[in-house]
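Participant: Got a structure for you, questions after.
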Amino acid sequence: MAALKTAASCLFKRLTLISLYRSLFQMILWRDPAYHKSVWQGVEAKLLQARGIRRVQILSLRHSLSYVIQGMANIESLNLSSCYNLTDNGLGHAFVQEIGSLRALNLSLCKQITDSSLGRIAQYLKGLEVLELGGCSNITNTGLLLIAWGLQRLKSLNLRSCCHLSVVGIGHLAGMTRSAAEGCLGLEQLTLQDCQKLMDLSLKHISRGLTGLRLLNLSFCGGISDAGLLHLSHMGSLRSLNLHSCDNISDTGIMHLAMGSLRLSGLHVSFCDKVGDQSLAYIAQGLDGLKSLSLCSCHISDDGINRMVRQMLGLRTLNIGQCVRITDKGLELTAEHLSQLTGIDLYGNRITKCGLERIRQLTCLKVLNLGLWQMTDSEKVR
């Protein structure tokens, strides 16, 4: 930089006074146009493209989204999560032609996005495999129809807290309605967490149309009941089922799952307060291939643990936090039979140091969550 300044100084010294004035005048004329944003439009994207970058995350959208898209012909992943000022209009200006390389799009918490944007996405991003729409509360069943119409390659769809979705929208996804859409029949992961309008008929559509589904998250879906789980009980491809805080699920629903043809490796029924010891007996009988089981705050006791652990030798993760009826006896049974455990949650349980030491003797244990460990009165005396 110093050498450049020296060379420029020598050059200006050789100019006549008139030539010097002319040069300065030309520099002033070019200064403002050079700083205009239109001159640099798309330059950032072209630089990213030149460096081979294909996965882009934008933390704050200060300029038009089209600035990013321009020049990135081979972009594979675009993360716009929490870009609150992104609108249908802004997304519409960015997606004006087919982008065949894009495989993953994250619009989580982009609350201004509506079905209009989903129509644009379905038209121009037909190669999408992953679509994140969690928290996009303006999405409706019409949006799911557009997705089912255009995104035939979709494998993962997150619809968390999309509060307007109902049975009709799930029917569109599963190709079970009379619309022209075939559905997203290749879906492997579907998150419907906190979609309060979903009912048991939604699960019927899922079981019949989305037969390749491997992960299904229904946590906080209060409209799902035991009858709905009967529809899921024969989904042979399903590996992970999340029913966290589904208040209408009871031992009967767990029985339906266990008596079917499921091959689950993960089951989450924490905070289902109608699930008790009988569920553990059903799980031991028909879901003994589980690797992960979450039962936090369920009404289970040492008796239920005794019914389950003898058949669940492959279990790796067990979450039984806030199960206040489980004592040191239950922990002793767990340590005796579940020797392959790598993680256990005992948050808020009323156990003694004796029971805790028994768990700590598990040789494979890597994660132990005690949280608010409550000491017994006898320990306090000591």
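By order of appearance in the structure tokens: chains A, B, ..., then residues from 1 within every chain, and ligands from 1 in the order shown.
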Find the nearest atom pair between each residue of region 200-278 of chain A and region 304-327 of chain A for residues within 8 Å, count only C-alpha atoms, give distances in Å to one decimal, sort rows by chain and ascending number, and present the table as a Markdown table.
Facilitator:
| residue | atom | partner | partner_atom | distance |
| --- | --- | --- | --- | --- |
| A:Gly276 | CA | A:Gly304 | CA | 7.6 |
| A:Asp277 | CA | A:Gly304 | CA | 4.2 |
| A:Gln278 | CA | A:Gly304 | CA | 6.9 |
Participant: Determine, counting only C-alpha atoms, which protein, DNA and RNA residues have an atom within 7 Å of an atom of Tyr84 (chain A); residues of the same chain fewer than 4 positions away are not included. Present the result as number ranges by chain.
Facilitator: A: 109-111
Participant: Since we have the selection now, will you write its residues out, keeping all heavy atoms, as an mmCIF file, in the first residue's frame?
Facilitator:
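That gives us result-v1.cif:
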data_model
loop_
_atom_site.group_PDB
_atom_site.id
_atom_site.type_symbol
_atom_site.label_atom_id
_atom_site.label_comp_id
_atom_site.auth_asym_id
_atom_site.auth_seq_id
_atom_site.Cartn_x
_atom_site.Cartn_y
_atom_site.Cartn_z
ATOM 1 N N LEU A 109 -39.290 -19.814 11.633
ATOM 2 C CA LEU A 109 -39.529 -18.543 12.302
ATOM 3 C C LEU A 109 -39.560 -17.343 11.359
ATOM 4 O O LEU A 109 -39.453 -16.204 11.811
ATOM 5 C CB LEU A 109 -38.492 -18.315 13.411
ATOM 6 C CG LEU A 109 -38.504 -19.351 14.541
ATOM 7 C CD1 LEU A 109 -37.378 -19.075 15.534
ATOM 8 C CD2 LEU A 109 -39.847 -19.351 15.264
ATOM 9 N N CYS A 110 -39.696 -17.595 10.067
ATOM 10 C CA CYS A 110 -39.955 -16.505 9.116
ATOM 11 C C CYS A 110 -41.470 -16.298 9.104
ATOM 12 O O CYS A 110 -42.185 -16.838 8.244
ATOM 13 C CB CYS A 110 -39.423 -16.853 7.729
ATOM 14 S SG CYS A 110 -37.618 -17.031 7.656
ATOM 15 N N LYS A 111 -41.956 -15.543 10.058
ATOM 16 C CA LYS A 111 -43.381 -15.502 10.367
ATOM 17 C C LYS A 111 -44.231 -14.785 9.334
ATOM 18 O O LYS A 111 -45.462 -14.879 9.356
ATOM 19 C CB LYS A 111 -43.578 -14.878 11.745
ATOM 20 C CG LYS A 111 -42.996 -15.730 12.876
ATOM 21 C CD LYS A 111 -43.258 -15.103 14.225
ATOM 22 C CE LYS A 111 -42.733 -15.985 15.344
ATOM 23 N NZ LYS A 111 -43.435 -17.267 15.417
#
Participant: Name all residues at most 9 Å from Asn138 (chain A) (count only C-alpha atoms; drop same-chain ones fewer than 3 positions away) and give them as a list of chain:residue names.
Facilitator: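 In the requested format, the answer is A:Lys111, A:Gln112, A:Ile113, A:Thr114, A:Asp115, A:Gly135, A:Cys162, A:Cys163, A:His164.
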Participant: Could you save those same residues with N, CA and C atoms as a CSV table (one decimal), in the first residue's frame?
Facilitator:
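The new file selection24.csv reads:
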chain,number,residue,atom,x,y,z
A,111,LYS,N,-42.0,-15.5,10.1
A,111,LYS,CA,-43.4,-15.5,10.4
A,111,LYS,C,-44.2,-14.8,9.3
A,112,GLN,N,-43.6,-14.0,8.4
A,112,GLN,CA,-44.4,-13.3,7.4
A,112,GLN,C,-44.6,-14.2,6.2
A,113,ILE,N,-44.0,-15.4,6.1
A,113,ILE,CA,-44.2,-16.3,5.0
A,113,ILE,C,-45.5,-16.9,5.0
A,114,THR,N,-46.2,-16.9,3.8
A,114,THR,CA,-47.5,-17.5,3.7
A,114,THR,C,-47.6,-18.6,2.6
A,115,ASP,N,-48.7,-19.1,2.3
A,115,ASP,CA,-48.9,-20.1,1.2
A,115,ASP,C,-48.4,-19.6,-0.1
A,135,GLY,N,-42.6,-22.8,13.0
A,135,GLY,CA,-42.9,-21.4,13.5
A,135,GLY,C,-43.5,-20.5,12.4
A,162,CYS,N,-47.3,-24.9,13.2
A,162,CYS,CA,-48.1,-24.3,12.1
A,162,CYS,C,-49.5,-24.6,12.5
A,163,CYS,N,-50.1,-23.6,13.2
A,163,CYS,CA,-51.3,-23.8,14.0
A,163,CYS,C,-52.6,-23.9,13.1
A,164,HIS,N,-52.5,-23.6,11.9
A,164,HIS,CA,-53.7,-23.7,11.0
A,164,HIS,C,-53.9,-25.0,10.3
Participant: When you draw a straight line from CA of Gly175 (chain A) to CA of Gln97 (chain A), how long is it in Å?
Facilitator: 26.7 Å
Participant: Enter the distance from CA of Leu118 (chain A) to CA of Ser66 (chain A), in Å, rounded to one decimal.
Facilitator: 16.8 Å
Participant: If you run DSSP on the backbone, which residues of region 90-215 of chain A are helix (DSSP H, G or I), as a PyMOL selection string?
Facilitator: chain A and resi 90-94+115-124+141-150+167-173+200-209
Participant: Residues within 12 Å of Glu98 (chain A), please, as a ChimeraX atom specification. Count only C-alpha atoms; anything in the same chain fewer than 3 positions from it doesn't count.
Facilitator: /A:69,73-75,94-95,101-102,120-128
Participant: Just the residues within 10 Å of region 257-263 of chain A, please, counting only C-alpha atoms, with nothing from its chain fewer than 6 positions along; format it as a list of chain:residue names.
Facilitator: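 Using only C-alpha atoms, the neighbours found are A:Asp226, A:Leu229, A:Leu230, A:His231, A:Leu232, A:Ser233, A:His234, A:Met235, A:Gly236, A:Ser237, A:Leu238, A:Arg239, A:Ser240, A:Ser279, A:Ala281, A:Tyr282, A:Ile283, A:Ala284, A:Gln285, A:Gly286, A:Leu287, A:Asp288, A:Gly289, A:Leu290.
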Participant: Please provide as a PyMOL selection string all residues within 10 Å of Ser60 (chain A), with the sequence filter that same-chain residues fewer than 5 positions apart are discarded (counting only C-alpha atoms).
Facilitator: chain A and resi 80-86
Participant: Please indicate the distance in Å from CA of Arg153 (chain A) to CA of Leu203 (chain A), rounded to one decimal place.
Facilitator: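 According to the coordinates, CA of Arg153 (chain A) and CA of Leu203 (chain A) are separated by 21.5 Å.
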Participant: In region 154-335 of chain A, what's strand (DSSP E or B) per DSSP? Answer as a PyMOL selection string?
Facilitator: chain A and resi 156-158+189-191+215-217+240-242+250+266-268+274+276+292-294+299+301+317-319+325
Participant: Kindly export the residues of the current selection with N, CA and C atoms, as a compact mmCIF listing (two decimals), in the first residue's frame.
Facilitator:
# COMPACT_ATOMS: atom_id res chain seq x y z
N SER A 156 -37.74 -34.68 4.14
CA SER A 156 -37.89 -34.20 5.51
C SER A 156 -38.68 -32.90 5.51
N LEU A 157 -39.75 -32.84 6.34
CA LEU A 157 -40.61 -31.66 6.41
C LEU A 157 -40.91 -31.34 7.87
N ASN A 158 -40.59 -30.11 8.27
CA ASN A 158 -40.84 -29.66 9.64
C ASN A 158 -41.94 -28.61 9.63
N GLN A 189 -39.09 -38.11 7.21
CA GLN A 189 -39.17 -37.43 8.50
C GLN A 189 -40.26 -36.37 8.43
N LEU A 190 -41.16 -36.39 9.41
CA LEU A 190 -42.26 -35.43 9.46
C LEU A 190 -42.44 -34.95 10.89
N THR A 191 -42.30 -33.64 11.09
CA THR A 191 -42.47 -33.03 12.41
C THR A 191 -43.75 -32.22 12.42
N LEU A 215 -39.40 -41.23 10.86
CA LEU A 215 -39.47 -40.41 12.07
C LEU A 215 -40.75 -39.59 12.04
N LEU A 216 -41.52 -39.65 13.13
CA LEU A 216 -42.76 -38.89 13.25
C LEU A 216 -42.81 -38.22 14.61
N ASN A 217 -42.88 -36.89 14.60
CA ASN A 217 -42.94 -36.11 15.85
C ASN A 217 -44.32 -35.52 16.00
N SER A 240 -38.80 -43.94 14.85
CA SER A 240 -38.84 -43.02 15.98
C SER A 240 -40.21 -42.35 16.06
N LEU A 241 -40.83 -42.42 17.24
CA LEU A 241 -42.16 -41.83 17.45
C LEU A 241 -42.12 -40.97 18.71
N ASN A 242 -42.46 -39.69 18.55
CA ASN A 242 -42.43 -38.75 19.68
C ASN A 242 -43.84 -38.32 20.02
N SER A 250 -52.83 -42.96 26.60
CA SER A 250 -52.84 -43.75 27.84
C SER A 250 -52.21 -45.12 27.59
N GLY A 266 -36.88 -45.75 18.90
CA GLY A 266 -37.02 -44.65 19.84
C GLY A 266 -38.49 -44.34 20.10
N LEU A 267 -38.88 -44.26 21.38
CA LEU A 267 -40.25 -43.92 21.77
C LEU A 267 -40.21 -42.89 22.89
N HIS A 268 -40.95 -41.79 22.69
CA HIS A 268 -40.94 -40.70 23.67
C HIS A 268 -42.38 -40.42 24.11
N LYS A 274 -51.23 -40.18 31.63
CA LYS A 274 -52.10 -41.35 31.68
C LYS A 274 -51.34 -42.64 31.38
N GLY A 276 -48.80 -45.47 32.53
CA GLY A 276 -48.33 -46.01 33.81
C GLY A 276 -47.61 -47.34 33.67
N SER A 292 -33.98 -46.26 22.74
CA SER A 292 -34.20 -45.05 23.53
C SER A 292 -35.65 -45.00 23.99
N LEU A 293 -35.86 -44.75 25.29
CA LEU A 293 -37.21 -44.70 25.86
C LEU A 293 -37.29 -43.54 26.84
N SER A 294 -38.24 -42.63 26.60
CA SER A 294 -38.42 -41.47 27.47
C SER A 294 -39.77 -41.55 28.16
N HIS A 299 -46.64 -41.92 35.27
CA HIS A 299 -47.02 -42.52 36.55
C HIS A 299 -46.51 -43.97 36.63
N SER A 301 -43.71 -46.86 38.41
CA SER A 301 -43.11 -47.17 39.71
C SER A 301 -42.07 -48.28 39.55
N THR A 317 -30.67 -45.63 26.14
CA THR A 317 -31.03 -44.37 26.81
C THR A 317 -32.37 -44.53 27.51
N LEU A 318 -32.43 -44.17 28.79
CA LEU A 318 -33.66 -44.27 29.57
C LEU A 318 -33.87 -42.97 30.32
N ASN A 319 -34.97 -42.28 30.02
CA ASN A 319 -35.30 -41.03 30.70
C ASN A 319 -36.50 -41.24 31.61
N ARG A 325 -42.31 -42.06 41.93
CA ARG A 325 -42.61 -43.35 42.56
C ARG A 325 -41.49 -44.36 42.36
Participant: Contacts of Arg358 (chain A) at 10 Å or less, counting only C-alpha atoms, minus same-chain residues fewer than 3 places along, as a VMD selection string?
Facilitator: chain A and resid 328 331 to 336 353 to 355 361 to 362
